[in-house]
Structures are given as structure tokens and as C-alpha cells.
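Structure file upload-v9.tsv (TSV, N, CA and C atoms) is printed below.
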```
chain	number	residue	atom	x	y	z
A	258	MET	N	44.83	186.48	-42.79
A	258	MET	CA	44.63	185.46	-41.79
A	258	MET	C	45.95	185.20	-41.07
A	259	ALA	N	45.91	185.24	-39.76
A	259	ALA	CA	47.12	185.04	-38.96
A	259	ALA	C	47.54	183.58	-38.96
A	260	ARG	N	48.83	183.36	-38.91
A	260	ARG	CA	49.37	182.00	-38.84
A	260	ARG	C	49.79	181.69	-37.42
A	261	TRP	N	49.77	180.39	-37.09
A	261	TRP	CA	50.29	179.94	-35.79
A	261	TRP	C	51.78	180.20	-35.74
A	262	LYS	N	52.28	180.50	-34.58
A	262	LYS	CA	53.72	180.63	-34.39
A	262	LYS	C	54.35	179.26	-34.58
A	263	LYS	N	55.51	179.24	-35.20
A	263	LYS	CA	56.25	177.99	-35.37
A	263	LYS	C	56.75	177.52	-34.02
A	264	ARG	N	56.53	176.26	-33.71
A	264	ARG	CA	56.97	175.68	-32.45
A	264	ARG	C	58.15	174.78	-32.66
A	265	PRO	N	59.01	174.68	-31.68
A	265	PRO	CA	60.10	173.71	-31.82
A	265	PRO	C	59.52	172.30	-31.79
A	266	THR	N	60.08	171.44	-32.61
A	266	THR	CA	59.62	170.06	-32.61
A	266	THR	C	60.34	169.28	-31.52
A	267	ALA	N	59.73	168.19	-31.10
A	267	ALA	CA	60.33	167.36	-30.05
A	267	ALA	C	61.59	166.69	-30.58
A	268	ASP	N	62.62	166.67	-29.78
A	268	ASP	CA	63.85	165.95	-30.12
A	268	ASP	C	63.69	164.54	-29.57
A	269	HIS	N	63.14	163.65	-30.39
A	269	HIS	CA	62.80	162.31	-29.92
A	269	HIS	C	64.02	161.49	-29.53
A	270	ARG	N	65.13	161.69	-30.20
A	270	ARG	CA	66.35	160.95	-29.82
A	270	ARG	C	66.75	161.33	-28.39
A	271	LEU	N	66.77	162.62	-28.10
A	271	LEU	CA	67.14	163.09	-26.77
A	271	LEU	C	66.14	162.62	-25.71
A	272	ARG	N	64.85	162.72	-26.03
A	272	ARG	CA	63.81	162.33	-25.07
A	272	ARG	C	63.84	160.83	-24.79
A	273	ALA	N	64.06	160.02	-25.82
A	273	ALA	CA	64.15	158.56	-25.63
A	273	ALA	C	65.35	158.23	-24.75
A	274	ASP	N	66.47	158.91	-24.96
A	274	ASP	CA	67.67	158.69	-24.14
A	274	ASP	C	67.41	159.11	-22.68
A	275	ASP	N	66.72	160.24	-22.50
A	275	ASP	CA	66.37	160.68	-21.15
A	275	ASP	C	65.54	159.62	-20.43
A	276	CYS	N	64.57	159.06	-21.13
A	276	CYS	CA	63.70	158.03	-20.54
A	276	CYS	C	64.51	156.79	-20.16
A	277	ARG	N	65.42	156.38	-21.03
A	277	ARG	CA	66.23	155.19	-20.75
A	277	ARG	C	67.17	155.42	-19.56
A	278	ARG	N	67.66	156.63	-19.42
A	278	ARG	CA	68.55	156.94	-18.29
A	278	ARG	C	67.80	156.96	-16.96
A	279	ARG	N	66.48	157.22	-17.03
A	279	ARG	CA	65.67	157.32	-15.81
A	279	ARG	C	64.43	156.42	-15.94
A	280	PRO	N	64.61	155.10	-15.93
A	280	PRO	CA	63.48	154.19	-16.11
A	280	PRO	C	62.38	154.43	-15.07
A	281	GLY	N	61.15	154.36	-15.54
A	281	GLY	CA	60.00	154.51	-14.66
A	281	GLY	C	59.61	155.94	-14.36
A	282	VAL	N	60.39	156.92	-14.80
A	282	VAL	CA	60.10	158.34	-14.54
A	282	VAL	C	59.43	158.93	-15.78
A	283	TRP	N	58.31	159.63	-15.57
A	283	TRP	CA	57.62	160.27	-16.69
A	283	TRP	C	58.44	161.47	-17.17
A	284	ILE	N	58.74	161.49	-18.47
A	284	ILE	CA	59.50	162.56	-19.10
A	284	ILE	C	58.59	163.26	-20.12
A	285	GLU	N	58.60	164.59	-20.11
A	285	GLU	CA	57.81	165.33	-21.09
A	285	GLU	C	58.46	165.21	-22.46
A	286	ILE	N	57.68	164.76	-23.42
A	286	ILE	CA	58.17	164.60	-24.79
A	286	ILE	C	57.94	165.88	-25.58
A	287	GLY	N	56.75	166.45	-25.48
A	287	GLY	CA	56.46	167.68	-26.20
A	287	GLY	C	55.00	168.07	-26.08
A	288	ALA	N	54.71	169.30	-26.46
A	288	ALA	CA	53.35	169.83	-26.44
A	288	ALA	C	52.84	169.92	-27.87
A	289	TYR	N	51.58	169.55	-28.06
A	289	TYR	CA	50.96	169.54	-29.39
A	289	TYR	C	49.68	170.36	-29.34
A	290	ARG	N	49.42	171.10	-30.39
A	290	ARG	CA	48.21	171.94	-30.45
A	290	ARG	C	46.95	171.10	-30.50
A	291	SER	N	47.04	169.95	-31.11
A	291	SER	CA	45.88	169.09	-31.31
A	291	SER	C	45.98	167.85	-30.42
A	292	GLY	N	44.88	167.52	-29.75
A	292	GLY	CA	44.84	166.30	-28.96
A	292	GLY	C	45.03	165.08	-29.83
A	293	GLN	N	44.55	165.14	-31.07
A	293	GLN	CA	44.70	164.03	-32.00
A	293	GLN	C	46.18	163.82	-32.36
A	294	SER	N	46.92	164.89	-32.57
A	294	SER	CA	48.35	164.78	-32.86
A	294	SER	C	49.09	164.19	-31.66
A	295	ALA	N	48.73	164.63	-30.47
A	295	ALA	CA	49.37	164.11	-29.26
A	295	ALA	C	49.08	162.62	-29.10
A	296	THR	N	47.85	162.22	-29.32
A	296	THR	CA	47.47	160.81	-29.19
A	296	THR	C	48.20	159.97	-30.22
A	297	SER	N	48.31	160.48	-31.44
A	297	SER	CA	49.02	159.78	-32.50
A	297	SER	C	50.50	159.62	-32.16
A	298	THR	N	51.11	160.67	-31.64
A	298	THR	CA	52.52	160.61	-31.26
A	298	THR	C	52.72	159.62	-30.12
A	299	ALA	N	51.82	159.64	-29.15
A	299	ALA	CA	51.92	158.70	-28.02
A	299	ALA	C	51.84	157.26	-28.52
A	300	ARG	N	50.94	156.99	-29.47
A	300	ARG	CA	50.83	155.63	-30.03
A	300	ARG	C	52.10	155.25	-30.76
A	301	ARG	N	52.65	156.17	-31.52
A	301	ARG	CA	53.88	155.88	-32.27
A	301	ARG	C	55.07	155.61	-31.33
A	302	ILE	N	55.09	156.26	-30.20
A	302	ILE	CA	56.14	156.00	-29.22
A	302	ILE	C	55.98	154.58	-28.66
A	303	ARG	N	54.77	154.23	-28.27
A	303	ARG	CA	54.53	152.89	-27.70
A	303	ARG	C	54.86	151.77	-28.68
A	304	THR	N	54.54	152.01	-29.96
A	304	THR	CA	54.74	150.95	-30.96
A	304	THR	C	56.05	151.11	-31.74
A	305	ALA	N	56.79	152.18	-31.47
A	305	ALA	CA	58.03	152.51	-32.18
A	305	ALA	C	57.78	152.65	-33.69
A	306	ASP	N	56.56	153.04	-34.06
A	306	ASP	CA	56.16	153.24	-35.45
A	306	ASP	C	56.69	154.59	-35.94
A	307	ARG	N	57.61	154.58	-36.87
A	307	ARG	CA	58.23	155.78	-37.44
A	307	ARG	C	59.06	156.57	-36.43
A	308	LEU	N	59.24	156.04	-35.25
A	308	LEU	CA	60.07	156.67	-34.23
A	308	LEU	C	61.01	155.60	-33.67
A	309	PRO	N	62.05	155.25	-34.43
A	309	PRO	CA	62.91	154.13	-34.04
A	309	PRO	C	63.68	154.33	-32.73
A	310	TYR	N	63.76	155.56	-32.26
A	310	TYR	CA	64.47	155.81	-31.00
A	310	TYR	C	63.78	155.13	-29.82
A	311	TYR	N	62.49	154.81	-29.98
A	311	TYR	CA	61.72	154.19	-28.90
A	311	TYR	C	61.63	152.67	-29.06
A	312	SER	N	62.51	152.08	-29.85
A	312	SER	CA	62.52	150.63	-30.05
A	312	SER	C	63.07	149.95	-28.81
A	313	PRO	N	62.65	148.71	-28.57
A	313	PRO	CA	61.66	147.92	-29.29
A	313	PRO	C	60.24	148.34	-28.89
A	314	ALA	N	59.29	147.97	-29.71
A	314	ALA	CA	57.88	148.27	-29.43
A	314	ALA	C	57.52	147.71	-28.06
A	315	GLY	N	56.79	148.49	-27.28
A	315	GLY	CA	56.37	148.06	-25.96
A	315	GLY	C	57.33	148.42	-24.83
A	316	ALA	N	58.46	149.03	-25.16
A	316	ALA	CA	59.45	149.39	-24.14
A	316	ALA	C	59.10	150.69	-23.41
A	317	TYR	N	58.13	151.43	-23.93
A	317	TYR	CA	57.75	152.71	-23.34
A	317	TYR	C	56.25	152.74	-23.08
A	318	GLU	N	55.86	153.40	-22.00
A	318	GLU	CA	54.47	153.73	-21.73
A	318	GLU	C	54.30	155.20	-22.03
A	319	THR	N	53.10	155.60	-22.42
A	319	THR	CA	52.84	157.01	-22.70
A	319	THR	C	51.54	157.44	-22.05
A	320	ARG	N	51.42	158.75	-21.90
A	320	ARG	CA	50.16	159.36	-21.47
A	320	ARG	C	50.10	160.76	-22.05
A	321	THR	N	48.90	161.27	-22.16
A	321	THR	CA	48.71	162.63	-22.64
A	321	THR	C	47.97	163.42	-21.56
A	322	ALA	N	48.21	164.72	-21.54
A	322	ALA	CA	47.56	165.59	-20.56
A	322	ALA	C	47.19	166.91	-21.21
A	323	PRO	N	45.90	167.27	-21.17
A	323	PRO	CA	45.49	168.57	-21.70
A	323	PRO	C	46.03	169.70	-20.83
A	324	GLN	N	46.37	170.80	-21.46
A	324	GLN	CA	46.91	171.97	-20.75
A	324	GLN	C	45.89	173.10	-20.80
A	325	PRO	N	45.96	174.04	-19.85
A	325	PRO	CA	45.00	175.16	-19.82
A	325	PRO	C	44.98	176.00	-21.11
A	326	ASN	N	46.11	176.06	-21.82
A	326	ASN	CA	46.16	176.87	-23.04
A	326	ASN	C	45.60	176.15	-24.26
A	327	GLY	N	45.08	174.93	-24.08
A	327	GLY	CA	44.48	174.18	-25.18
A	327	GLY	C	45.40	173.15	-25.80
A	328	ASP	N	46.69	173.21	-25.48
A	328	ASP	CA	47.64	172.22	-25.99
A	328	ASP	C	47.43	170.89	-25.27
A	329	THR	N	48.03	169.84	-25.80
A	329	THR	CA	48.07	168.54	-25.14
A	329	THR	C	49.52	168.11	-25.07
A	330	THR	N	49.98	167.75	-23.88
A	330	THR	CA	51.36	167.35	-23.68
A	330	THR	C	51.47	165.84	-23.66
A	331	VAL	N	52.51	165.32	-24.30
A	331	VAL	CA	52.79	163.88	-24.31
A	331	VAL	C	53.92	163.61	-23.33
A	332	TYR	N	53.73	162.59	-22.51
A	332	TYR	CA	54.73	162.13	-21.57
A	332	TYR	C	55.02	160.66	-21.87
A	333	ALA	N	56.25	160.24	-21.62
A	333	ALA	CA	56.61	158.83	-21.81
A	333	ALA	C	57.55	158.40	-20.70
A	334	ARG	N	57.56	157.09	-20.45
A	334	ARG	CA	58.53	156.53	-19.53
A	334	ARG	C	58.99	155.17	-20.04
A	335	PHE	N	60.24	154.88	-19.79
A	335	PHE	CA	60.84	153.63	-20.22
A	335	PHE	C	60.50	152.56	-19.18
A	336	ILE	N	59.94	151.45	-19.63
A	336	ILE	CA	59.60	150.35	-18.73
A	336	ILE	C	60.42	149.10	-19.04
A	337	GLY	N	61.24	149.16	-20.05
A	337	GLY	CA	62.08	148.03	-20.42
A	337	GLY	C	61.47	147.24	-21.56
A	338	ALA	N	62.29	146.45	-22.18
A	338	ALA	CA	61.84	145.64	-23.31
A	338	ALA	C	60.97	144.50	-22.80
A	339	THR	N	59.89	144.23	-23.51
A	339	THR	CA	59.01	143.13	-23.15
A	339	THR	C	59.46	141.86	-23.86
A	340	SER	N	59.19	140.75	-23.27
A	340	SER	CA	59.60	139.47	-23.87
A	340	SER	C	58.62	139.01	-24.91
```
Would you mind writing the file out in C-alpha cells?
Amino acid sequence: MARWKKRPTADHRLRADDCRRRPGVWIEIGAYRSGQSATSTARRIRTADRLPYYSPAGAYETRTAPQPNGDTTVYARFIGATS
């Protein structure tokens, strides 16, 4: 049985810094084979759950986009800390 090729993982520290440097601009975080994994990652970014680089919770918006190859890409943008 063939195995999936190993993919590079998203560098969340770098991506969070990119978003903060360019507030309001959608930045690609990474591509995921599963839509469920992408949705889970997007939620964790919004809530800063297990991804402290995106603190405080609510400082980032996220979206996911399916790709023609079957992957789902996660995008995020920094909107600032909420009160």
C-alpha cells in the first residue's frame, strides 16, 4: 500500500508574524489533505487553542478554500485584539 508523501508543516510562528505585519491581508497558512483538518486548524487559529502564536483569541479571522487537487487551504488575517 502506497503512503502519502510527507508534506511540510505550516510554520505558525512565521505565518502569525506575517499576518501581524500586514493587518487585514489574507495570508496563506497551509494546505491540508482533509477539509476537516483545515477547518480544525482554522478554528484553533481563531481561538488561539494550542496555537499561542495567534493570541489573543479573536485577533485573527480565518477562511478555508478547497483546491482542485482535493486539498483545502487555510488563510488567516490579523484584525487586531478584541476588547
Practice task
Would you list the contacts of Glu318 of chain A as a list in words, taking every protein, DNA or RNA residue within 8 Å and counting only N, CA and C atoms, but skipping same-chain residues closer than 6 positions in sequence?
Solution key: Ala299, Ile302, Arg303, Tyr332, Ala333, Arg334, Phe335, Ile336 and Gly337 of chain A
Output N, CA and C atoms for every residue in the selection just made, as a tab-separated table (two decimals), in the coordinates of the input.
```tsv
chain	number	residue	atom	x	y	z
A	299	ALA	N	51.82	159.64	-29.15
A	299	ALA	CA	51.92	158.70	-28.02
A	299	ALA	C	51.84	157.26	-28.52
A	302	ILE	N	55.09	156.26	-30.20
A	302	ILE	CA	56.14	156.00	-29.22
A	302	ILE	C	55.98	154.58	-28.66
A	303	ARG	N	54.77	154.23	-28.27
A	303	ARG	CA	54.53	152.89	-27.70
A	303	ARG	C	54.86	151.77	-28.68
A	332	TYR	N	53.73	162.59	-22.51
A	332	TYR	CA	54.73	162.13	-21.57
A	332	TYR	C	55.02	160.66	-21.87
A	333	ALA	N	56.25	160.24	-21.62
A	333	ALA	CA	56.61	158.83	-21.81
A	333	ALA	C	57.55	158.40	-20.70
A	334	ARG	N	57.56	157.09	-20.45
A	334	ARG	CA	58.53	156.53	-19.53
A	334	ARG	C	58.99	155.17	-20.04
A	335	PHE	N	60.24	154.88	-19.79
A	335	PHE	CA	60.84	153.63	-20.22
A	335	PHE	C	60.50	152.56	-19.18
A	336	ILE	N	59.94	151.45	-19.63
A	336	ILE	CA	59.60	150.35	-18.73
A	336	ILE	C	60.42	149.10	-19.04
A	337	GLY	N	61.24	149.16	-20.05
A	337	GLY	CA	62.08	148.03	-20.42
A	337	GLY	C	61.47	147.24	-21.56
```
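Distances here use all atoms listed in the file; by that measure, the residue among A:Thr266, A:Thr298, A:Ser312, A:Ser291 closest to Thr329 of chain A is A:Ser291.
Note that DSSP on the backbone gives strand (DSSP E) to these residues of chain A: A:Ile284, A:Glu285, A:Ile286, A:Gly287, A:Ala288, A:Tyr289, A:Tyr317, A:Glu318, A:Thr319, A:Arg320, A:Thr321, A:Ala322, A:Pro323, A:Thr329, A:Thr330, A:Val331, A:Tyr332, A:Ala333, A:Arg334, A:Phe335.
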Exercise for the section: Please identify all polymer residues within 7 Å of Tyr289 of chain A, counting only C-alpha atoms, omitting same-chain residues fewer than 2 positions from it, and present them as a list in words. Expected result: Gly287, Ser291, Gly292, Ser294, Ala295, Asp328, Thr329 and Thr330 of chain A
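Distance annotation: of A:Val331, A:Tyr317, A:Thr304, A:Ser297, the residue with the minimal separation from Arg279 of chain A is A:Tyr317; atom set is only C-alpha atoms.
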Practice task
Mind giving me the straight-line distance from atom C of Asp306 of chain A to atom C of Val282 of chain A in Å, one decimal?
Solution key: 20.8 Å
Exercise for the section: Can you check which residues of segment 277-312 of chain A DSSP gives as helix (DSSP H, G or I) on the backbone and send them as a ChimeraX atom specification? Expected result: /A:277-278,292-304,309-311
Would you mind exporting N, CA and C atoms of the selected residues as an mmCIF file, keeping the file's coordinate frame?
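Generated output (again_23.cif):
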```cif
data_model
loop_
_atom_site.group_PDB
_atom_site.id
_atom_site.type_symbol
_atom_site.label_atom_id
_atom_site.label_comp_id
_atom_site.auth_asym_id
_atom_site.auth_seq_id
_atom_site.Cartn_x
_atom_site.Cartn_y
_atom_site.Cartn_z
ATOM 1 N N ARG A 277 65.420 156.380 -21.030
ATOM 2 C CA ARG A 277 66.230 155.190 -20.750
ATOM 3 C C ARG A 277 67.170 155.420 -19.560
ATOM 4 N N ARG A 278 67.660 156.630 -19.420
ATOM 5 C CA ARG A 278 68.550 156.940 -18.290
ATOM 6 C C ARG A 278 67.800 156.960 -16.960
ATOM 7 N N GLY A 292 44.880 167.520 -29.750
ATOM 8 C CA GLY A 292 44.840 166.300 -28.960
ATOM 9 C C GLY A 292 45.030 165.080 -29.830
ATOM 10 N N GLN A 293 44.550 165.140 -31.070
ATOM 11 C CA GLN A 293 44.700 164.030 -32.000
ATOM 12 C C GLN A 293 46.180 163.820 -32.360
ATOM 13 N N SER A 294 46.920 164.890 -32.570
ATOM 14 C CA SER A 294 48.350 164.780 -32.860
ATOM 15 C C SER A 294 49.090 164.190 -31.660
ATOM 16 N N ALA A 295 48.730 164.630 -30.470
ATOM 17 C CA ALA A 295 49.370 164.110 -29.260
ATOM 18 C C ALA A 295 49.080 162.620 -29.100
ATOM 19 N N THR A 296 47.850 162.220 -29.320
ATOM 20 C CA THR A 296 47.470 160.810 -29.190
ATOM 21 C C THR A 296 48.200 159.970 -30.220
ATOM 22 N N SER A 297 48.310 160.480 -31.440
ATOM 23 C CA SER A 297 49.020 159.780 -32.500
ATOM 24 C C SER A 297 50.500 159.620 -32.160
ATOM 25 N N THR A 298 51.110 160.670 -31.640
ATOM 26 C CA THR A 298 52.520 160.610 -31.260
ATOM 27 C C THR A 298 52.720 159.620 -30.120
ATOM 28 N N ALA A 299 51.820 159.640 -29.150
ATOM 29 C CA ALA A 299 51.920 158.700 -28.020
ATOM 30 C C ALA A 299 51.840 157.260 -28.520
ATOM 31 N N ARG A 300 50.940 156.990 -29.470
ATOM 32 C CA ARG A 300 50.830 155.630 -30.030
ATOM 33 C C ARG A 300 52.100 155.250 -30.760
ATOM 34 N N ARG A 301 52.650 156.170 -31.520
ATOM 35 C CA ARG A 301 53.880 155.880 -32.270
ATOM 36 C C ARG A 301 55.070 155.610 -31.330
ATOM 37 N N ILE A 302 55.090 156.260 -30.200
ATOM 38 C CA ILE A 302 56.140 156.000 -29.220
ATOM 39 C C ILE A 302 55.980 154.580 -28.660
ATOM 40 N N ARG A 303 54.770 154.230 -28.270
ATOM 41 C CA ARG A 303 54.530 152.890 -27.700
ATOM 42 C C ARG A 303 54.860 151.770 -28.680
ATOM 43 N N THR A 304 54.540 152.010 -29.960
ATOM 44 C CA THR A 304 54.740 150.950 -30.960
ATOM 45 C C THR A 304 56.050 151.110 -31.740
ATOM 46 N N PRO A 309 62.050 155.250 -34.430
ATOM 47 C CA PRO A 309 62.910 154.130 -34.040
ATOM 48 C C PRO A 309 63.680 154.330 -32.730
ATOM 49 N N TYR A 310 63.760 155.560 -32.260
ATOM 50 C CA TYR A 310 64.470 155.810 -31.000
ATOM 51 C C TYR A 310 63.780 155.130 -29.820
ATOM 52 N N TYR A 311 62.490 154.810 -29.980
ATOM 53 C CA TYR A 311 61.720 154.190 -28.900
ATOM 54 C C TYR A 311 61.630 152.670 -29.060
#
```
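The coordinates place atom C of Leu308 of chain A at 16.9 Å from atom C of Pro265 of chain A.
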Handout entry: Atom pair atom CA of Pro323 of chain A / atom CA of Arg290 of chain A: separation (Å)
Key = 9.8 Å
Fill in the blank from the handout: Closest of A:Ala338, A:Gly281, A:Arg300, A:Gln293 to Pro313 of chain A, counting all atoms listed in the file, is A:Ala338
For segment 305-324 of chain A, what centre and edge lengths in Å (one decimal) does the axis-aligned box get once 8 Å is added on each side of all its listed atoms, as AutoDock Vina command-line options?
```
--center_x 55.0 --center_y 160.4 --center_z -29.0 --size_x 35.0 --size_y 41.4 --size_z 32.9
```
